[in-house]
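Colleague: Have a look at this one before I ask anything.
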Amino acid sequence: MFQARTFEEKISALYRSGKIVGGVYVGRGQEAFSYALGGQLDRGRGDVFAPLIRDQAGRAAFGEPLLDGARTYLGSVEGPMRGRDGNIHRGRPREGMPAMISHLGSSISVINGMLMAHRYRGMSGVVGGATVGDGATSTGAFHEGLNQAAIEHLPLVLGVADNQFAYSTPTSRQFACEDLVDRAKGYGVTGYSIDGTDLMECLETFRRAISRARAGEGPQMVVGKMLRLSGHGEHDDASYVPDAVKAGKWGRDCLAVARARIIAEGFESIEVLEQLESRIQEHVEETVAKAQSESPPDPAKENWSVLSTERLAEGHAS
């Protein structure tokens, strides 16, 4: 969680200084929810994970190298997208992490497809994780994807980050139900509504949801309530968020809450945490510096092609 926060603060600073082209969208305030899902999926068992723009913590916990993120933001030809795609659309599908899709809710159907492929291959005990925001629950892709997962009884664990705003639209203007978890019942999906700022509650709930999905109990939907502690992107000052909302329960910083509990309950000392934080800061600086030293793609030498036929596809040996 601390690595995600530190890395994104560095990326935001580079964006403000004009060294990053494109948008920067950080997960400040959502790290506990993201980590709790990504960190408890098991790549060794074949689990798959479709993170979104605020899932840096979940990405790292699932196993994505920090260097992948730095290289993609900075357009390095050495990155997973080889400097050819938007700076947040990164992934490694063959390693269980499809490239992030900006279109809200679309990642659900992608994970459904990956889980169906596992089923056709006779693989069992595999879980697929996907995340969306509260705004995505109002899109057709969300409804169609969740409905398909329920009908096919897929082992999908869907994390819904209810951060109170779909860009600048408050939840009161998005849905009429009292809690987004109410939507789960309509699809025959098991639902959970939790405090997304509480790391332990996030960990315990996702652990239970993943276990149930793996045991064949069908899709699980976890709604975490929190507040996005930044604008929609670094271009947005979030002036539309009322001070009362910022000062409310969901405005707590999950990282600060977790750190305080770790110290209060004796899991680690302040000294150990400070040493860890120092090492992470050094790692972030070194990683970003490496990505900055690498070259962008050379359009005169790039061999990528949009053609999808095997005979013409990139890298195919004739």
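In the structure tokens, the first chain shown is A, the next is B, and so on; residue numbers restart at 1 for each chain, and ligands run from 1 in the order shown.
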Name the residues of stretch 10-225 of chain A that fall into helix (DSSP H, G or I) according to DSSP on the backbone, using the chain letters and numbers of this document, as a PyMOL selection string.
Modeller: chain A and resi 10-16+31-38+43-45+56-62+66-73+93-95+106-120+134-138+140-151+171-173+182-186+199-214
Colleague: Counting only C-alpha atoms, what is within 9 Å of A:Ser76, bar same-chain residues fewer than 6 positions away, as JSON, numbers by chain?
Modeller: {"A": [70, 82, 83, 84, 291, 292, 293, 294, 295, 296, 297]}
Colleague: Keeping only N, CA and C atoms, write the selected residues to a file as an mmCIF file, in the first residue's frame.
Modeller:
```cif
data_model
loop_
_atom_site.group_PDB
_atom_site.id
_atom_site.type_symbol
_atom_site.label_atom_id
_atom_site.label_comp_id
_atom_site.auth_asym_id
_atom_site.auth_seq_id
_atom_site.Cartn_x
_atom_site.Cartn_y
_atom_site.Cartn_z
ATOM 1 N N ALA A 70 6.253 2.027 -14.152
ATOM 2 C CA ALA A 70 7.106 3.175 -14.459
ATOM 3 C C ALA A 70 7.386 3.263 -15.953
ATOM 4 N N ARG A 82 5.439 -1.682 -24.684
ATOM 5 C CA ARG A 82 6.495 -1.207 -25.583
ATOM 6 C C ARG A 82 6.328 0.257 -25.983
ATOM 7 N N GLY A 83 5.751 1.043 -25.088
ATOM 8 C CA GLY A 83 5.611 2.470 -25.345
ATOM 9 C C GLY A 83 4.598 2.808 -26.410
ATOM 10 N N ARG A 84 3.704 1.858 -26.740
ATOM 11 C CA ARG A 84 2.790 2.053 -27.869
ATOM 12 C C ARG A 84 1.375 2.383 -27.467
ATOM 13 N N ALA A 291 13.490 3.737 -15.651
ATOM 14 C CA ALA A 291 12.535 3.913 -16.753
ATOM 15 C C ALA A 291 12.812 5.208 -17.518
ATOM 16 N N GLN A 292 13.204 6.253 -16.806
ATOM 17 C CA GLN A 292 13.498 7.532 -17.456
ATOM 18 C C GLN A 292 14.724 7.445 -18.363
ATOM 19 N N SER A 293 15.633 6.544 -18.058
ATOM 20 C CA SER A 293 16.868 6.424 -18.838
ATOM 21 C C SER A 293 16.677 5.621 -20.115
ATOM 22 N N GLU A 294 15.522 4.971 -20.263
ATOM 23 C CA GLU A 294 15.287 4.107 -21.411
ATOM 24 C C GLU A 294 14.654 4.876 -22.573
ATOM 25 N N SER A 295 14.804 4.327 -23.774
ATOM 26 C CA SER A 295 14.353 5.014 -24.983
ATOM 27 C C SER A 295 12.878 4.759 -25.269
ATOM 28 N N PRO A 296 12.231 5.704 -25.959
ATOM 29 C CA PRO A 296 10.859 5.470 -26.436
ATOM 30 C C PRO A 296 10.920 4.618 -27.688
ATOM 31 N N PRO A 297 9.785 4.142 -28.199
ATOM 32 C CA PRO A 297 9.800 3.334 -29.426
ATOM 33 C C PRO A 297 10.242 4.167 -30.623
#
```
Colleague: Go through stretch 103-207 of chain A and flag each residue having an atom no more than 8 Å from stretch 243-264 of chain A; for those, report the closest pair of atoms plus their distance in Å to one decimal, using only C-alpha atoms, ordered by chain and rising number, as a Markdown table.
Modeller:
```
| residue | atom | partner | partner_atom | distance |
| --- | --- | --- | --- | --- |
| A:Asp195 | CA | A:Trp250 | CA | 7.7 |
| A:Gly196 | CA | A:Cys254 | CA | 7.7 |
| A:Thr197 | CA | A:Cys254 | CA | 4.4 |
| A:Asp198 | CA | A:Cys254 | CA | 6.2 |
| A:Leu199 | CA | A:Ala258 | CA | 6.1 |
```
Colleague: Based on the selection just made, write N, CA and C atoms of those residues as a short mmCIF file (atom, residue, chain, number, x, y, z; two decimals), in the first residue's frame.
Modeller:
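Saved result, out_13.cif, follows:
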```cif
data_model
loop_
_atom_site.label_atom_id
_atom_site.label_comp_id
_atom_site.auth_asym_id
_atom_site.auth_seq_id
_atom_site.Cartn_x
_atom_site.Cartn_y
_atom_site.Cartn_z
N ASP A 195 -16.46 -1.44 4.89
CA ASP A 195 -15.74 -0.19 5.05
C ASP A 195 -14.43 -0.31 4.27
N GLY A 196 -14.34 0.35 3.14
CA GLY A 196 -13.16 0.24 2.30
C GLY A 196 -11.94 0.95 2.84
N THR A 197 -12.08 1.68 3.95
CA THR A 197 -10.92 2.33 4.56
C THR A 197 -10.29 1.45 5.63
N ASP A 198 -10.92 0.33 5.95
CA ASP A 198 -10.43 -0.58 7.00
C ASP A 198 -9.74 -1.77 6.35
N LEU A 199 -8.41 -1.81 6.42
CA LEU A 199 -7.64 -2.86 5.77
C LEU A 199 -8.06 -4.25 6.23
#
```
Colleague: Just checking: using only C-alpha atoms, which residue out of A:Gly231, A:Pro98, A:Gly186, A:Gly63 ends up closest to A:Tyr167?
Modeller: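 Under the stated criterion, the closest residue is A:Gly231.
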Colleague: Find the spatial neighbours of A:Gly23, counting only C-alpha atoms, within a cut-off of 12 Å - ignore same-chain residues fewer than 6 positions away - and output them as a list in words.
Modeller: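 Surrounding residues, per the criterion: Ile11, Ser12, Leu14, Tyr15, Arg16, Ile53, Thr72, Tyr73, Leu74, Gly86, Asn87, Ile88, His89, Ser102, Gly231, His232, Gly233, Glu234, His235 and Asp236 of chain A.
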Colleague: Generate the output file for the selected residues, N, CA and C atoms, as an mmCIF file, in the first residue's frame.
Modeller:
```cif
data_model
loop_
_atom_site.group_PDB
_atom_site.id
_atom_site.type_symbol
_atom_site.label_atom_id
_atom_site.label_comp_id
_atom_site.auth_asym_id
_atom_site.auth_seq_id
_atom_site.Cartn_x
_atom_site.Cartn_y
_atom_site.Cartn_z
ATOM 1 N N ILE A 11 4.856 9.741 -9.676
ATOM 2 C CA ILE A 11 4.314 9.866 -11.028
ATOM 3 C C ILE A 11 3.531 11.168 -11.181
ATOM 4 N N SER A 12 2.782 11.546 -10.141
ATOM 5 C CA SER A 12 2.016 12.795 -10.187
ATOM 6 C C SER A 12 2.937 14.001 -10.303
ATOM 7 N N LEU A 14 5.918 14.006 -11.664
ATOM 8 C CA LEU A 14 6.465 14.012 -13.022
ATOM 9 C C LEU A 14 5.443 14.538 -14.018
ATOM 10 N N TYR A 15 4.163 14.196 -13.786
ATOM 11 C CA TYR A 15 3.094 14.684 -14.657
ATOM 12 C C TYR A 15 2.994 16.211 -14.578
ATOM 13 N N ARG A 16 3.038 16.727 -13.368
ATOM 14 C CA ARG A 16 2.930 18.183 -13.188
ATOM 15 C C ARG A 16 4.129 18.925 -13.766
ATOM 16 N N ILE A 53 -7.700 1.772 -13.062
ATOM 17 C CA ILE A 53 -6.735 2.867 -12.957
ATOM 18 C C ILE A 53 -6.326 3.186 -11.527
ATOM 19 N N THR A 72 5.589 2.120 -18.414
ATOM 20 C CA THR A 72 4.394 2.455 -19.191
ATOM 21 C C THR A 72 4.073 3.935 -19.079
ATOM 22 N N TYR A 73 4.139 4.474 -17.876
ATOM 23 C CA TYR A 73 3.883 5.909 -17.702
ATOM 24 C C TYR A 73 4.874 6.757 -18.479
ATOM 25 N N LEU A 74 6.125 6.311 -18.549
ATOM 26 C CA LEU A 74 7.177 7.111 -19.167
ATOM 27 C C LEU A 74 7.439 6.736 -20.626
ATOM 28 N N GLY A 86 -1.677 3.901 -24.365
ATOM 29 C CA GLY A 86 -1.884 4.898 -23.330
ATOM 30 C C GLY A 86 -1.148 4.497 -22.052
ATOM 31 N N ASN A 87 -0.765 5.465 -21.251
ATOM 32 C CA ASN A 87 0.126 5.164 -20.126
ATOM 33 C C ASN A 87 -0.526 4.410 -18.976
ATOM 34 N N ILE A 88 -1.809 4.120 -19.069
ATOM 35 C CA ILE A 88 -2.436 3.320 -18.013
ATOM 36 C C ILE A 88 -2.965 1.984 -18.532
ATOM 37 N N HIS A 89 -2.880 1.776 -19.840
ATOM 38 C CA HIS A 89 -3.446 0.560 -20.444
ATOM 39 C C HIS A 89 -2.410 -0.559 -20.499
ATOM 40 N N SER A 102 -10.237 1.204 -20.321
ATOM 41 C CA SER A 102 -10.818 2.429 -19.763
ATOM 42 C C SER A 102 -12.339 2.369 -19.707
ATOM 43 N N GLY A 231 -8.511 14.185 -6.993
ATOM 44 C CA GLY A 231 -9.455 14.420 -8.068
ATOM 45 C C GLY A 231 -9.627 13.152 -8.889
ATOM 46 N N HIS A 232 -10.518 13.210 -9.861
ATOM 47 C CA HIS A 232 -10.690 12.052 -10.746
ATOM 48 C C HIS A 232 -9.359 11.683 -11.395
ATOM 49 N N GLY A 233 -8.613 12.686 -11.761
ATOM 50 C CA GLY A 233 -7.258 12.529 -12.285
ATOM 51 C C GLY A 233 -6.449 13.706 -11.787
ATOM 52 N N GLU A 234 -5.164 13.715 -12.108
ATOM 53 C CA GLU A 234 -4.320 14.809 -11.624
ATOM 54 C C GLU A 234 -4.652 16.143 -12.286
ATOM 55 N N HIS A 235 -5.500 16.107 -13.302
ATOM 56 C CA HIS A 235 -5.950 17.327 -13.956
ATOM 57 C C HIS A 235 -7.165 17.935 -13.248
ATOM 58 N N ASP A 236 -7.680 17.262 -12.235
ATOM 59 C CA ASP A 236 -8.954 17.621 -11.602
ATOM 60 C C ASP A 236 -8.711 17.972 -10.133
#
```
Colleague: Excluding A:His153 and any residue of its chain fewer than 2 positions from it, enumerate the residues within 12 Å of it, using only C-alpha atoms, and give them as number ranges by chain.
Modeller: A: 112, 115-116, 119, 127, 145-151, 155-157, 187-190, 212-220
Colleague: Go through A:Glu178, A:Asp55, A:Glu271, A:Glu277 one by one, measure the shortest atom-to-atom distance of each to A:Phe2 using only C-alpha atoms, and give the residue with the smallest value.
Modeller: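 Answer, going by the shortest atom-to-atom distance: A:Glu277.
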Colleague: Which one of A:Val126, A:Leu229, A:Ala161, A:Ile20 sits closest to A:Gly75 if you count only C-alpha atoms?
Modeller: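 Of A:Val126, A:Leu229, A:Ala161, A:Ile20, the one nearest A:Gly75, counting only C-alpha atoms, is A:Ile20.
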Colleague: With only C-alpha atoms as the counted atoms, please give the residues lying no more than 8 Å from A:Ser168, apart from itself and same-chain residues fewer than 3 positions off, as a list in words.
Modeller: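 Residues near the query, excluding close chain neighbours: Phe165, His232, Ala238, Tyr240 and Val241 of chain A.
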Colleague: Using only N, CA and C atoms, please write the residues we just selected to a file, as a PDB file, in the first residue's frame.
Modeller:
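Final output, saved to result-v8.pdb:
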```
ATOM      1  N   PHE A 165     -18.165   9.241  -5.872  1.00  0.00           N
ATOM      2  CA  PHE A 165     -18.308  10.101  -7.047  1.00  0.00           C
ATOM      3  C   PHE A 165     -17.908   9.363  -8.319  1.00  0.00           C
ATOM      4  N   HIS A 232     -10.518  13.210  -9.861  1.00  0.00           N
ATOM      5  CA  HIS A 232     -10.690  12.052 -10.746  1.00  0.00           C
ATOM      6  C   HIS A 232      -9.359  11.683 -11.395  1.00  0.00           C
ATOM      7  N   ALA A 238     -10.985  18.352  -7.758  1.00  0.00           N
ATOM      8  CA  ALA A 238     -12.026  17.779  -6.879  1.00  0.00           C
ATOM      9  C   ALA A 238     -12.745  18.846  -6.054  1.00  0.00           C
ATOM     10  N   TYR A 240     -15.593  19.848  -6.347  1.00  0.00           N
ATOM     11  CA  TYR A 240     -17.004  19.485  -6.212  1.00  0.00           C
ATOM     12  C   TYR A 240     -17.275  18.604  -4.985  1.00  0.00           C
ATOM     13  N   VAL A 241     -16.238  18.142  -4.313  1.00  0.00           N
ATOM     14  CA  VAL A 241     -16.426  17.293  -3.130  1.00  0.00           C
ATOM     15  C   VAL A 241     -16.644  18.179  -1.905  1.00  0.00           C
TER      16      VAL A 241
END
```
Colleague: Can you pull out the residues contacting A:Met200? Cut-off 9 Å, using only C-alpha atoms, and skip same-chain residues under 2 positions away; I want them as a list in words.
Modeller: Ala32, Ala36, Asp198, Cys202, Leu203, Glu204, Thr205 and Ala258 of chain A
Colleague: How many Å lie between atom CA of A:Asn303 and atom CA of A:Pro51, rounded to one decimal?
Modeller: 28.1 Å
Colleague: Measuring between only C-alpha atoms, which one of A:Phe7, A:Gln275, A:Leu37, A:Met114 shows the shortest distance to A:Glu201?
Modeller: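 Distance minimum relative to A:Glu201 lands on A:Leu37.
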Colleague: Report the closest atom pair, with its distance in Å rounded to one decimal, for each residue of stretch 199-288 of chain A that has an atom no farther than 10 Å from stretch 65-68 of chain A; count only C-alpha atoms, sort by chain and then rising residue number, and write it as a tab-separated table.
Modeller:
```
residue	atom	partner	partner_atom	distance
A:His283	CA	A:Leu66	CA	9.1
A:Val284	CA	A:Leu66	CA	7.9
A:Glu286	CA	A:Leu67	CA	9.6
A:Thr287	CA	A:Leu67	CA	5.8
A:Val288	CA	A:Leu67	CA	7.4
```
Colleague: Which parts of stretch 171-317 of chain A does DSSP call strand (DSSP E) when run on the backbone here, written out as a list in words?
Modeller: Thr190, Gly191, Tyr192, Ser193, Ile194, Asp195, Gln220, Met221, Val222, Val223, Gly224 and Lys225 of chain A
